[in-house]
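Q: Please find start05.txt (compact mmCIF, C-alpha atoms and all ligand atoms) on the next line:
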# COMPACT_ATOMS: atom_id res chain seq x y z
CA MET B 73 0.00 0.00 0.00
CA ASN B 74 1.16 3.52 -0.74
CA ILE B 75 0.21 6.69 1.12
CA ALA B 76 1.21 9.99 -0.52
CA ILE B 77 1.57 13.16 1.57
CA ASP B 78 2.22 16.44 -0.19
CA GLY B 79 2.24 19.97 1.06
CA PRO B 80 4.30 23.12 1.54
CA ALA B 81 7.40 23.56 3.71
CA GLY B 82 6.73 23.33 7.43
CA ALA B 83 3.24 21.81 7.19
CA GLY B 84 4.31 18.97 9.51
CA LYS B 85 4.51 16.30 6.81
CA SER B 86 7.54 14.49 8.19
CA THR B 87 6.37 14.53 11.83
CA ILE B 88 2.99 13.14 10.83
CA ALA B 89 4.31 10.65 8.27
CA LYS B 90 6.84 9.17 10.74
CA LEU B 91 4.09 8.56 13.31
CA VAL B 92 1.70 7.07 10.75
CA ALA B 93 4.49 4.79 9.50
CA GLU B 94 5.15 3.56 13.05
CA LYS B 95 1.46 2.88 13.67
CA LEU B 96 0.88 1.04 10.41
CA GLY B 97 4.26 -0.70 10.17
CA PHE B 98 5.06 1.10 6.92
CA ILE B 99 8.35 2.58 5.73
CA TYR B 100 8.53 6.38 5.84
CA VAL B 101 10.16 7.85 2.74
CA ASP B 102 11.25 11.48 2.99
CA THR B 103 11.79 12.61 -0.61
CA GLY B 104 12.75 16.13 0.48
CA ALA B 105 15.88 14.57 2.02
CA MET B 106 16.88 13.35 -1.46
CA TYR B 107 16.55 16.85 -2.97
CA ARG B 108 18.39 18.28 0.03
CA SER B 109 21.28 15.84 -0.56
CA ILE B 110 21.61 17.05 -4.13
CA ALA B 111 21.46 20.65 -2.88
CA LEU B 112 24.28 19.87 -0.44
CA TYR B 113 26.39 18.61 -3.34
CA PHE B 114 25.71 21.89 -5.19
CA ILE B 115 26.65 23.98 -2.15
CA ASN B 116 29.79 21.99 -1.32
CA ASN B 117 31.00 22.15 -4.92
CA ASN B 118 29.98 25.77 -5.60
CA ILE B 119 27.70 24.79 -8.47
CA ASP B 120 25.34 27.43 -9.86
CA SER B 121 21.83 25.93 -9.99
CA GLU B 122 20.98 28.31 -12.87
CA ASP B 123 23.81 27.00 -15.10
CA ASP B 124 22.03 24.25 -17.09
CA LYS B 125 25.21 22.52 -18.25
CA ALA B 126 26.67 22.52 -14.75
CA VAL B 127 23.42 20.97 -13.46
CA VAL B 128 23.59 18.14 -16.03
CA ASP B 129 27.30 17.52 -15.28
CA ALA B 130 26.64 17.48 -11.53
CA CYS B 131 23.77 15.00 -11.88
CA ASP B 132 26.13 12.60 -13.69
CA LYS B 133 28.40 12.65 -10.66
CA ILE B 134 25.73 12.28 -7.97
CA ASN B 135 24.65 8.97 -6.50
CA ILE B 136 21.87 9.01 -3.90
CA GLN B 137 21.09 5.94 -1.83
CA ILE B 138 18.43 5.42 0.82
CA LYS B 139 18.99 2.96 3.64
CA TYR B 140 17.01 2.18 6.77
CA GLU B 141 18.91 1.91 10.04
CA ASP B 142 16.74 0.96 13.06
CA GLY B 143 13.75 1.90 10.93
CA VAL B 144 15.05 5.44 10.34
CA GLN B 145 15.79 6.68 6.83
CA GLN B 146 19.43 7.53 6.15
CA VAL B 147 20.48 9.31 2.96
CA TYR B 148 23.85 8.65 1.38
CA LEU B 149 25.39 11.09 -1.08
CA ASN B 150 28.16 9.39 -3.04
CA GLY B 151 28.66 6.90 -0.21
CA GLU B 152 28.62 9.44 2.64
CA ASN B 153 25.79 9.59 5.17
CA VAL B 154 24.52 13.20 4.92
CA SER B 155 21.31 12.78 6.93
CA VAL B 156 22.34 15.38 9.51
CA ALA B 157 24.17 17.84 7.23
CA ILE B 158 21.10 18.30 4.97
CA ARG B 159 18.93 19.73 7.78
CA LYS B 160 20.35 23.27 7.64
CA GLU B 161 18.07 26.10 6.44
CA GLU B 162 20.46 27.05 3.61
CA VAL B 163 20.29 23.46 2.28
CA GLY B 164 16.48 23.52 2.31
CA ASN B 165 16.44 26.81 0.41
CA MET B 166 18.91 25.47 -2.18
CA ALA B 167 16.88 22.23 -2.44
CA SER B 168 13.86 24.26 -3.53
CA LYS B 169 15.99 25.79 -6.34
CA VAL B 170 17.61 22.56 -7.61
CA ALA B 171 14.27 20.73 -7.42
CA ALA B 172 12.99 22.91 -10.28
CA LYS B 173 15.58 21.38 -12.65
CA LYS B 174 14.59 18.47 -14.87
CA PRO B 175 17.87 16.49 -14.64
CA VAL B 176 17.58 16.60 -10.85
CA ARG B 177 13.96 15.39 -10.83
CA ASP B 178 14.73 12.67 -13.38
CA LEU B 179 17.55 11.41 -11.18
CA LEU B 180 15.23 10.83 -8.21
CA LEU B 181 11.92 9.75 -9.74
CA GLN B 182 12.80 6.10 -10.40
CA LEU B 183 14.48 5.69 -7.02
CA GLN B 184 11.31 6.92 -5.32
CA ARG B 185 9.03 4.68 -7.40
CA ASP B 186 11.23 1.61 -6.80
CA ILE B 187 11.05 2.01 -3.02
CA ALA B 188 7.25 2.35 -3.20
CA THR B 189 6.90 -0.73 -5.42
CA GLU B 190 8.90 -2.92 -3.07
CA ASN B 191 7.42 -1.74 0.25
CA ASP B 192 4.32 -0.45 2.03
CA VAL B 193 5.28 3.21 2.19
CA ILE B 194 4.12 6.57 3.38
CA MET B 195 6.04 8.99 1.19
CA ASP B 196 6.11 12.76 1.60
CA GLY B 197 7.16 15.54 -0.72
CA ARG B 198 5.67 17.99 -3.19
CA ASP B 199 4.69 15.85 -6.20
CA ILE B 200 4.04 12.41 -4.70
CA GLY B 201 0.27 12.24 -5.28
CA THR B 202 0.40 14.10 -8.59
CA ASN B 203 3.47 12.57 -10.22
CA VAL B 204 5.55 10.00 -8.32
CA LEU B 205 2.76 7.71 -7.09
CA PRO B 206 -0.39 8.64 -9.04
CA ASN B 207 -1.99 5.34 -7.99
CA ALA B 208 -1.37 5.73 -4.25
CA GLU B 209 -4.35 4.35 -2.30
CA VAL B 210 -4.42 7.34 0.08
CA LYS B 211 -3.42 10.87 -0.86
CA ILE B 212 -3.29 13.76 1.57
CA TYR B 213 -2.54 17.42 0.88
CA LEU B 214 -1.28 18.69 4.23
CA THR B 215 -1.05 22.40 4.82
CA ALA B 216 -1.27 25.14 7.47
CA SER B 217 -1.18 28.93 7.38
CA VAL B 218 2.18 30.61 6.70
CA SER B 219 2.20 32.16 10.18
CA GLU B 220 1.49 28.81 11.88
CA ARG B 221 4.19 27.03 9.83
CA ALA B 222 6.70 29.78 10.68
CA ARG B 223 5.76 29.58 14.35
CA ARG B 224 6.32 25.79 14.41
CA ARG B 225 9.68 26.13 12.67
CA TYR B 226 10.69 28.92 15.07
CA GLU B 227 9.95 26.71 18.07
CA GLN B 228 11.91 23.79 16.61
CA LEU B 229 14.97 26.02 16.18
CA VAL B 230 14.63 27.53 19.67
CA GLU B 231 14.49 23.99 21.08
CA LYS B 232 17.75 23.28 19.27
CA GLY B 233 19.31 26.23 21.14
CA GLU B 234 19.30 28.61 18.16
CA ASN B 235 18.18 32.23 18.16
CA PRO B 236 16.05 32.48 14.99
CA ASP B 237 14.40 35.52 13.42
CA ILE B 238 10.70 34.73 12.89
CA THR B 239 10.33 37.38 10.17
CA LYS B 240 13.13 35.74 8.16
CA ILE B 241 11.59 32.28 8.67
CA GLU B 242 8.25 33.57 7.35
CA ALA B 243 9.92 35.20 4.33
CA ASP B 244 11.86 31.97 3.55
CA ILE B 245 8.67 29.91 3.77
CA GLU B 246 6.83 32.28 1.44
CA GLN B 247 9.67 32.17 -1.07
CA ARG B 248 9.84 28.37 -0.97
CA ASP B 249 6.05 28.09 -1.37
CA TYR B 250 6.27 30.33 -4.42
CA GLN B 251 9.18 28.42 -6.00
CA ASP B 252 7.69 24.98 -5.29
CA MET B 253 4.21 25.90 -6.55
CA ASN B 254 5.22 27.85 -9.65
CA ARG B 255 7.95 25.77 -11.29
CA ASP B 256 7.25 24.17 -14.69
CA ILE B 257 8.02 20.56 -13.75
CA ALA B 258 6.00 18.70 -11.11
CA PRO B 259 4.97 21.79 -9.12
CA LEU B 260 3.42 21.46 -5.69
CA LYS B 261 -0.35 21.21 -6.04
CA GLN B 262 -3.16 19.18 -4.62
CA ALA B 263 -3.90 16.02 -6.64
CA ASP B 264 -7.54 15.84 -7.79
CA ASP B 265 -8.11 12.78 -5.60
CA ALA B 266 -6.18 14.04 -2.55
CA ILE B 267 -7.83 14.96 0.75
CA TYR B 268 -7.11 18.58 1.77
CA LEU B 269 -6.12 18.85 5.41
CA ASP B 270 -5.41 22.22 7.03
CA THR B 271 -3.62 21.37 10.29
CA SER B 272 -3.46 24.94 11.66
CA ASP B 273 -5.95 24.05 14.38
CA MET B 274 -5.40 20.28 14.62
CA THR B 275 -3.16 18.39 17.04
CA ILE B 276 -0.52 16.00 15.72
CA GLN B 277 -2.48 13.08 17.17
CA GLU B 278 -5.69 14.14 15.40
CA VAL B 279 -3.93 14.29 12.04
CA VAL B 280 -2.23 10.91 12.57
CA GLU B 281 -5.52 9.25 13.47
CA PHE B 282 -7.29 10.82 10.51
CA ILE B 283 -4.72 9.41 8.08
CA CYS B 284 -4.60 5.97 9.73
CA ASP B 285 -8.41 5.78 9.45
CA LYS B 286 -8.25 6.55 5.73
CA ALA B 287 -5.64 3.83 5.28
CA LYS B 288 -7.96 1.25 6.86
CA VAL B 289 -10.89 1.84 4.52
O1 LIG B 301 10.35 18.80 2.41
P1 LIG B 301 11.66 19.53 2.40
O2 LIG B 301 11.60 20.88 3.01
O3 LIG B 301 12.77 18.69 3.00
O4 LIG B 301 12.02 19.70 0.84
C1 LIG B 301 13.09 20.50 0.41
C2 LIG B 301 12.81 21.01 -1.00
O5 LIG B 301 12.86 19.92 -1.92
C3 LIG B 301 11.44 21.64 -1.21
O6 LIG B 301 11.44 23.04 -0.98
C4 LIG B 301 11.10 21.32 -2.65
C5 LIG B 301 11.89 20.08 -2.96
N1 LIG B 301 11.07 18.87 -3.07
C6 LIG B 301 10.45 18.65 -4.27
O7 LIG B 301 10.53 19.47 -5.18
N2 LIG B 301 9.76 17.50 -4.48
C7 LIG B 301 9.62 16.60 -3.50
N3 LIG B 301 8.93 15.48 -3.72
C8 LIG B 301 10.22 16.83 -2.24
C9 LIG B 301 10.93 18.00 -2.05
Represent the structure from my file as structure tokens, please.
Ligand code: DC

A:
Amino acid sequence: MNIAIDGPAGAGKSTIAKLVAEKLGFIYVDTGAMYRSIALYFINNNIDSEDDKAVVDACDKINIQIKYEDGVQQVYLNGENVSVAIRKEEVGNMASKVAAKKPVRDLLLQLQRDIATENDVIMDGRDIGTNVLPNAEVKIYLTASVSERARRRYEQLVEKGENPDITKIEADIEQRDYQDMNRDIAPLKQADDAIYLDTSDMTIQEVVEFICDKAKV
């Protein structure tokens, strides 16, 4: 069985999907981590994401692998585990830029489909219900207001001991929403058969139960 979760940055997709995966005994596949790994390669090698030839050349040199260690997804970029390094804000912002490029999307599509063919998965991203897994049995479009998503992100960073600027977080979220929703290839949008879920006023537990119920039907 395949469950597809799409939605904008900071909507809570990964938190929710991890909990649903635990409850149902599914594998959680975080496709954003794959785009972030490619973004990390671009940052580390000073590659301009707007230089089409450089993007094609870089994609030839990138190998992304997904492994599960104690049930937790680990992403390997050319043999190196980058699961922690990809969590920085600058990597997320670069991921949104590289994800608009066709060679980058082509590189990841088959990998994502293969994992979903071989396993019961809950997969999150931007184009899972519309493009990667169009036949997923359950599709959810998870969102929340910009201010609520910024507030959640702010609290996560404070918990990590950082001193974030909420205005900058909000501006970054708005820019990523715009880039992810307005690109030519596989933009973020709700699939026709996806359930729209605004989590601004829902608890994590309520959202998890809602999705688990849909998976049972
Ligand atoms: O979910 P995230 O913040 O880790 O994703 C980082 C970026 O990767 C996001 O801004 C857009 C891109 N992405 C995508 O284009 N398609 C996906 N299926 C997943 C992520």

Q: Find the residues with any atom within 12 Å of (16.9, 3.4, 2.4); use all atoms listed in the file and the coordinates as given in the file, and write the answer as an MDAnalysis selection string.

A: chainID B and resid 99:103 105:106 136:149 153 155 183:184 186:188 190:191 193

Q: Might you pull out every residue within 7 Å of region 276-288 of chain B, with only C-alpha atoms counted and same-chain residues fewer than 2 positions away left off, and present them as a PyMOL selection string?

A: chain B and resi 88+91-92+210+274

Q: Residues of chain B within 6 Å of ligand LIG 301 (chain B): nearest atom pair and distance (Å, one decimal) for each, counting all atoms listed in the file, sorted by chain and number, as JSON lines?

A:
{"residue": "B:Ala81", "atom": "CA", "partner": "B:LIG301", "partner_atom": "O2", "distance": 5.0}
{"residue": "B:Thr103", "atom": "CA", "partner": "B:LIG301", "partner_atom": "C8", "distance": 4.8}
{"residue": "B:Gly104", "atom": "CA", "partner": "B:LIG301", "partner_atom": "O3", "distance": 3.6}
{"residue": "B:Ala105", "atom": "CA", "partner": "B:LIG301", "partner_atom": "O3", "distance": 5.3}
{"residue": "B:Tyr107", "atom": "CA", "partner": "B:LIG301", "partner_atom": "O5", "distance": 4.9}
{"residue": "B:Arg108", "atom": "CA", "partner": "B:LIG301", "partner_atom": "C1", "distance": 5.8}
{"residue": "B:Gly164", "atom": "CA", "partner": "B:LIG301", "partner_atom": "C1", "distance": 4.9}
{"residue": "B:Ala167", "atom": "CA", "partner": "B:LIG301", "partner_atom": "C2", "distance": 4.5}
{"residue": "B:Ser168", "atom": "CA", "partner": "B:LIG301", "partner_atom": "O6", "distance": 3.7}
{"residue": "B:Ala171", "atom": "CA", "partner": "B:LIG301", "partner_atom": "O7", "distance": 4.5}
{"residue": "B:Gly197", "atom": "CA", "partner": "B:LIG301", "partner_atom": "N3", "distance": 3.5}
{"residue": "B:Arg198", "atom": "CA", "partner": "B:LIG301", "partner_atom": "N3", "distance": 4.1}
{"residue": "B:Asp199", "atom": "CA", "partner": "B:LIG301", "partner_atom": "N3", "distance": 4.9}
{"residue": "B:Ile200", "atom": "CA", "partner": "B:LIG301", "partner_atom": "N3", "distance": 5.9}
{"residue": "B:Arg248", "atom": "CA", "partner": "B:LIG301", "partner_atom": "O6", "distance": 5.6}
{"residue": "B:Asp252", "atom": "CA", "partner": "B:LIG301", "partner_atom": "C4", "distance": 5.7}

Q: Tell me which of B:Asp120, B:Gln182, B:Asn165, B:Ser109 sits closest to Asn150 (chain B), counting all atoms listed in the file.

A: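 Closest candidate: B:Ser109.
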
Q: What's around Lys133 (chain B) at 12 Å? Count all atoms listed in the file, leave out sequence neighbours fewer than 6 positions away in its own chain, and write the answer as a ChimeraX atom specification.

A: /B:110,113-114,117,126-127,149-151,175-176,179

Q: Looking at only C-alpha atoms, which of B:Leu112, B:Met166, B:Ala172, B:Met195 is the one that sits closest to Met253 (chain B)?

A: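 Under the stated criterion, the closest residue is B:Ala172.
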
Q: CA of Lys85 (chain B) to CA of Ala263 (chain B): how many Å, to one decimal?

A: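 One can read the CA of Lys85 (chain B) to CA of Ala263 (chain B) distance as 15.9 Å.
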
Q: Would you mind telling me which residue in B:Leu180, B:Ile75, B:Ile241, B:Ala208 lies nearest to Cys131 (chain B) when using all atoms listed in the file?

A: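 Distance minimum relative to Cys131 (chain B) lands on B:Leu180.
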
Q: Measuring between all atoms listed in the file, which one of B:Ile257, B:Ile245, B:Val170, B:Ile267 shows the shortest distance to Ser121 (chain B)?

A: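 Of all the options, B:Val170 lies closest to Ser121 (chain B).
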
Q: Using all atoms listed in the file, can you tell me which of B:Asn254, B:Asp244, B:Ile194, B:Val218 comes closest to Lys95 (chain B)?

A: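 Checking each of B:Asn254, B:Asp244, B:Ile194, B:Val218 against Lys95 (chain B), counting all atoms listed in the file, the winner is B:Ile194.
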
Q: Compare B:Asn116, B:Asn74, B:Asn203, B:Ser272 by their minimum atom-to-atom distance to Leu260 (chain B), counting only C-alpha atoms, and give me the closest one.

A: B:Asn203
